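K.L.:
My structure is in coords-v3.tsv, and what it holds is TSV, C-alpha atoms and all ligand atoms:
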```
chain	number	residue	atom	x	y	z
L	1	MET	CA	-14.83	32.12	11.95
L	2	MET	CA	-13.76	30.86	8.53
L	3	ALA	CA	-15.98	31.47	5.52
L	4	ALA	CA	-17.96	28.40	4.50
L	5	ARG	CA	-16.36	26.36	1.72
L	6	LYS	CA	-18.23	26.31	-1.55
L	7	ASP	CA	-17.17	22.80	-2.45
L	8	LEU	CA	-17.83	20.72	0.66
L	9	PRO	CA	-18.22	17.01	-0.07
L	10	ARG	CA	-21.81	15.70	0.23
L	11	TYR	CA	-20.43	12.84	2.31
L	12	THR	CA	-17.07	11.88	3.74
L	13	VAL	CA	-15.63	9.00	5.76
L	14	PRO	CA	-17.40	8.22	9.05
L	15	SER	CA	-16.39	10.36	12.04
L	16	LEU	CA	-14.88	13.20	9.96
L	17	THR	CA	-16.81	16.43	9.40
L	18	PRO	CA	-17.33	17.48	5.76
L	19	GLU	CA	-14.99	20.42	6.48
L	20	ASP	CA	-12.22	18.13	7.68
L	21	GLY	CA	-12.85	15.78	4.74
L	22	ALA	CA	-12.42	18.74	2.36
L	23	THR	CA	-9.25	19.93	4.12
L	24	VAL	CA	-7.65	16.48	3.97
L	25	ALA	CA	-8.66	16.10	0.31
L	26	GLU	CA	-6.98	19.45	-0.49
L	27	ILE	CA	-3.77	18.35	1.19
L	28	LEU	CA	-3.91	15.07	-0.74
L	29	GLN	CA	-4.52	16.83	-4.07
L	30	GLU	CA	-1.23	18.66	-3.63
L	31	ARG	CA	0.55	15.36	-2.91
L	32	LEU	CA	-1.14	13.82	-5.98
L	33	ASN	CA	0.27	16.65	-8.11
L	34	SER	CA	3.71	16.26	-6.59
L	35	LEU	CA	3.97	12.49	-7.02
L	36	THR	CA	2.49	12.54	-10.53
L	37	ASP	CA	5.19	15.05	-11.42
L	38	LEU	CA	7.79	12.81	-9.73
L	39	HIS	CA	6.98	9.59	-11.59
L	40	LEU	CA	6.92	11.44	-14.93
L	41	THR	CA	10.25	13.08	-14.09
L	42	LEU	CA	11.81	9.75	-13.10
L	43	LYS	CA	10.76	8.30	-16.47
L	44	HIS	CA	12.24	11.36	-18.22
L	45	VAL	CA	15.56	10.64	-16.47
L	46	HIS	CA	15.27	6.92	-17.36
L	47	TRP	CA	15.13	8.00	-21.03
L	48	ASN	CA	17.78	10.75	-20.93
L	49	VAL	CA	20.57	9.33	-18.81
L	50	VAL	CA	23.81	8.71	-20.77
L	51	GLY	CA	27.40	7.69	-20.09
L	52	PRO	CA	29.25	4.78	-18.47
L	53	HIS	CA	26.67	4.24	-15.69
L	54	PHE	CA	23.72	4.35	-18.06
L	55	ILE	CA	22.35	0.89	-17.44
L	56	ALA	CA	22.60	1.02	-13.62
L	57	VAL	CA	20.63	4.26	-13.37
L	58	HIS	CA	18.28	3.43	-16.25
L	59	GLU	CA	17.30	0.16	-14.54
L	60	MET	CA	17.27	1.56	-11.00
L	61	LEU	CA	14.58	4.08	-11.94
L	62	ASP	CA	11.80	1.91	-13.38
L	63	PRO	CA	10.85	0.28	-10.04
L	64	GLN	CA	10.74	3.81	-8.56
L	65	VAL	CA	8.43	4.96	-11.38
L	66	ASP	CA	6.12	2.01	-10.72
L	67	ALA	CA	6.11	2.51	-6.94
L	68	VAL	CA	5.45	6.26	-7.14
L	69	ARG	CA	2.71	5.72	-9.71
L	70	ALA	CA	1.05	3.24	-7.33
L	71	MET	CA	1.24	5.93	-4.60
L	72	THR	CA	-0.63	8.40	-6.84
L	73	ASP	CA	-3.39	5.84	-7.36
L	74	ALA	CA	-3.76	5.33	-3.61
L	75	ILE	CA	-3.83	9.10	-3.00
L	76	ALA	CA	-6.43	9.75	-5.72
L	77	GLU	CA	-8.63	6.95	-4.42
L	78	ARG	CA	-8.35	8.31	-0.88
L	79	ILE	CA	-9.53	11.71	-2.17
L	80	ALA	CA	-12.55	10.00	-3.77
L	81	THR	CA	-13.16	7.99	-0.58
L	82	LEU	CA	-13.27	11.29	1.32
L	83	GLY	CA	-16.11	12.42	-0.98
L	84	ALA	CA	-14.03	14.83	-3.11
L	85	ALA	CA	-13.01	14.61	-6.77
L	86	PRO	CA	-9.32	13.89	-7.51
L	87	VAL	CA	-7.92	15.96	-10.37
L	88	GLY	CA	-5.49	14.02	-12.53
L	89	THR	CA	-5.22	16.00	-15.76
L	90	PRO	CA	-1.82	17.37	-16.88
L	91	GLY	CA	-3.09	20.93	-17.41
L	92	ALA	CA	-4.48	21.15	-13.89
L	93	LEU	CA	-1.22	19.80	-12.49
L	94	VAL	CA	0.90	22.39	-14.30
L	95	ALA	CA	-1.50	25.20	-13.33
L	96	ALA	CA	-1.44	24.21	-9.65
L	97	ARG	CA	2.20	23.35	-9.11
L	98	THR	CA	4.51	25.68	-7.22
L	99	TRP	CA	7.79	24.21	-8.51
L	100	GLU	CA	9.55	24.37	-11.88
L	101	ASP	CA	9.88	21.63	-14.45
L	102	TYR	CA	12.92	19.34	-14.10
L	103	HIS	CA	15.92	21.19	-15.50
L	104	LEU	CA	18.07	18.53	-17.18
L	105	GLY	CA	17.66	16.89	-20.57
L	106	ARG	CA	20.24	14.44	-21.89
L	107	ALA	CA	22.98	14.30	-19.25
L	108	THR	CA	25.32	11.89	-17.52
L	109	ALA	CA	24.25	9.57	-14.74
L	110	ILE	CA	26.06	11.53	-12.03
L	111	GLU	CA	24.47	14.82	-13.12
L	112	HIS	CA	20.96	13.36	-13.11
L	113	LEU	CA	21.62	11.75	-9.72
L	114	GLY	CA	22.76	15.11	-8.32
L	115	ALA	CA	19.58	16.76	-9.63
L	116	LEU	CA	17.39	13.88	-8.36
L	117	ASP	CA	18.86	14.38	-4.89
L	118	GLU	CA	17.24	17.86	-4.96
L	119	VAL	CA	14.00	16.53	-6.45
L	120	TYR	CA	13.59	13.91	-3.72
L	121	GLN	CA	14.55	16.43	-1.05
L	122	GLY	CA	11.66	18.71	-2.06
L	123	VAL	CA	9.11	15.93	-2.49
L	124	ILE	CA	9.94	14.31	0.86
L	125	GLU	CA	9.87	17.59	2.80
L	126	ALA	CA	6.41	18.37	1.42
L	127	HIS	CA	5.20	14.80	2.03
L	128	ARG	CA	6.40	14.93	5.65
L	129	LYS	CA	4.61	18.26	6.12
L	130	ALA	CA	1.39	16.77	4.71
L	131	ALA	CA	1.75	13.80	7.07
L	132	LYS	CA	2.13	16.19	10.02
L	133	ASP	CA	-0.83	18.31	8.86
L	134	THR	CA	-3.12	15.26	8.72
L	135	GLU	CA	-1.94	13.74	12.01
L	136	GLU	CA	-4.80	15.26	14.05
L	137	LEU	CA	-7.37	15.26	11.22
L	138	ASP	CA	-7.34	11.79	9.74
L	139	ASP	CA	-5.28	8.82	10.97
L	140	VAL	CA	-5.89	6.81	7.81
L	141	THR	CA	-4.53	9.53	5.50
L	142	ASN	CA	-1.65	10.10	7.89
L	143	ASP	CA	-0.83	6.37	7.77
L	144	LEU	CA	-1.03	6.38	3.96
L	145	LEU	CA	1.46	9.26	3.71
L	146	ILE	CA	3.81	7.73	6.27
L	147	GLY	CA	3.75	4.51	4.24
L	148	HIS	CA	4.83	6.46	1.15
L	149	LEU	CA	7.64	8.09	3.10
L	150	HIS	CA	9.14	4.68	3.94
L	151	GLU	CA	9.61	4.09	0.22
L	152	LEU	CA	10.39	7.65	-0.87
L	153	GLU	CA	13.16	8.01	1.69
L	154	LEU	CA	14.61	4.63	0.68
L	155	PHE	CA	14.65	5.74	-2.99
L	156	HIS	CA	16.29	9.01	-1.97
L	157	TRP	CA	19.04	7.00	-0.29
L	158	PHE	CA	19.50	4.89	-3.48
L	159	VAL	CA	20.18	8.18	-5.28
L	160	ARG	CA	22.37	9.62	-2.55
L	161	ALA	CA	24.51	6.48	-2.22
L	162	HIS	CA	25.91	7.35	-5.67
L	163	LEU	CA	26.88	10.83	-4.44
L	164	GLU	CA	28.40	9.76	-1.14
L	165	SER	CA	32.10	9.55	-0.31
L	166	ALA	CA	33.59	6.75	1.79
L	167	GLY	CA	33.66	9.33	4.59
L	168	GLY	CA	29.87	9.77	4.34
L	169	ALA	CA	29.78	13.25	2.76
L	170	LEU	CA	27.43	14.07	-0.10
L	171	SER	CA	28.95	15.73	-3.17
L	172	THR	CA	25.76	17.84	-3.47
L	173	GLU	CA	26.07	19.23	0.07
L	174	GLY	CA	25.09	22.91	0.31
L	175	GLU	CA	23.31	22.95	-3.06
L	176	SER	CA	19.62	23.74	-3.32
L	177	THR	CA	19.04	23.77	-7.08
L	178	GLU	CA	18.95	20.87	-9.53
L	179	LEU	CA	21.51	22.44	-11.88
L	180	GLY	CA	23.83	23.39	-9.00
L	181	ALA	CA	23.65	19.89	-7.55
L	182	ALA	CA	24.24	18.34	-10.99
L	183	ARG	CA	27.35	20.52	-11.46
L	184	LYS	CA	28.77	19.71	-8.02
L	185	ALA	CA	28.17	15.99	-8.48
L	186	ARG	CA	29.98	16.14	-11.86
L	187	GLU	CA	32.93	18.11	-10.44
L	188	ALA	CA	33.29	15.75	-7.46
L	189	LYS	CA	33.42	12.81	-9.84
L	190	ALA	CA	36.03	14.49	-12.04
L	191	GLY	CA	38.14	15.62	-9.06
H	201	FE	FE	12.12	1.87	-20.35
```
Take the structure I supplied and represent it as structure tokens, if you would.
P.N.:
Amino acid sequence: MMAARKDLPRYTVPSLTPEDGATVAEILQERLNSLTDLHLTLKHVHWNVVGPHFIAVHEMLDPQVDAVRAMTDAIAERIATLGAAPVGTPGALVAARTWEDYHLGRATAIEHLGALDEVYQGVIEAHRKAAKDTEELDDVTNDLLIGHLHELELFHWFVRAHLESAGGALSTEGESTELGAARKAREAKAG
């Protein structure tokens, strides 16, 4: 038997136990951290992209920033609806996150797109896992996360379409780091 949680909500949504409400809220807090990090990172890229494709990437990113920011609002409000307290402060995010800060500063469009391919890969994998983990616990949270995935995976494709050859191969294939993907995307463009 698991030890009792110290921070069980005093109420949660009808038909969930307080324990399940707390578990779902914990899963959502991690997604809140991840997507807050993502919309800030996308804005950082919006400001730091340079080179011939500046305007295309600069302008492609703002609707993604807005959409991801709206997702964080929905996640935080779901946490509150479940009877828990969403944590939205920057210090708490940095203390809790398990990934490193985005690695590129001022760089060309193709390098940022290569790195963003890795960023979206990580965010989407974790979001899909959270959707799976809430499937049995809470249909409404599961539906919320699936809804986000429709958009997140579309945005990932917008990024990847820049890295794709006419044969359908990605220039970042086989890379798992932002800097490695940025380098491969740059080399493929030069070659
Ligand atoms: Fe702007």
K.L.:
Enumerate as a ChimeraX atom specification the residues within 10 Å of ligand FE 201 (chain H), counting only C-alpha atoms and all ligand atoms.
P.N.:
/L:43-44,46-47,58-59,61-62
K.L.:
Point out the residue among L:Arg97, L:His156, L:His150, L:Arg78 with the least atom-to-atom distance to Gln121 in chain L, counting all atoms listed in the file.
P.N.:
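For Gln121 in chain L, the nearest of the candidates is L:His156.
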K.L.:
So, counting only C-alpha atoms, which residue among L:Gly122, L:Ile110, L:Lys189, L:Ile75 is closest to Asp143 in chain L?
P.N.:
L:Ile75
K.L.:
Just the number, please: distance in Å from CA of Ala126 in chain L to CA of Ser165 in chain L, one decimal.
P.N.:
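These atoms are spaced 27.2 Å apart.
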K.L.:
Let me make sure I understand: among L:Thr98, L:Asn48, L:Asn33, L:Thr108, which one has the smallest atom-to-atom distance to Met71 in chain L if we use only C-alpha atoms?
P.N.:
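Ranking L:Thr98, L:Asn48, L:Asn33, L:Thr108 by distance to Met71 in chain L, first place goes to L:Asn33.
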K.L.:
For Val159 in chain L, which residue among L:Ile124, L:Leu113, L:Ala188, L:Leu144 is the nearest when counting all atoms listed in the file?
P.N.:
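Looking only at the distances to Val159 in chain L, the closest residue turns out to be L:Leu113.
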K.L.:
Between L:Ala95, L:Ala22, L:Leu38, L:Ala107, single out the one closest to Asp7 in chain L, counting only C-alpha atoms.
P.N.:
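Between L:Ala95, L:Ala22, L:Leu38, L:Ala107, the residue approaching Asp7 in chain L most closely is L:Ala22.
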K.L.:
Do you know which residues lie at most 10 Å from (6.2, 6.1, -2.3), with coordinates as in the file and all atoms listed in the file counted, and could you write them as a PyMOL selection string?
P.N.:
chain L and resi 35+39+64-72+124+127+144-155
K.L.:
What does the distance from CA of Tyr102 in chain L to CA of Glu175 in chain L come to in Å, to one decimal?
P.N.:
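Atom-to-atom, CA of Tyr102 in chain L and CA of Glu175 in chain L are spaced 15.6 Å apart.
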K.L.:
Hey, can you check how far CA of Thr36 in chain L sits from CA of Ala80 in chain L?
P.N.:
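Interatomic distance, CA of Thr36 in chain L to CA of Ala80 in chain L: 16.7 Å.
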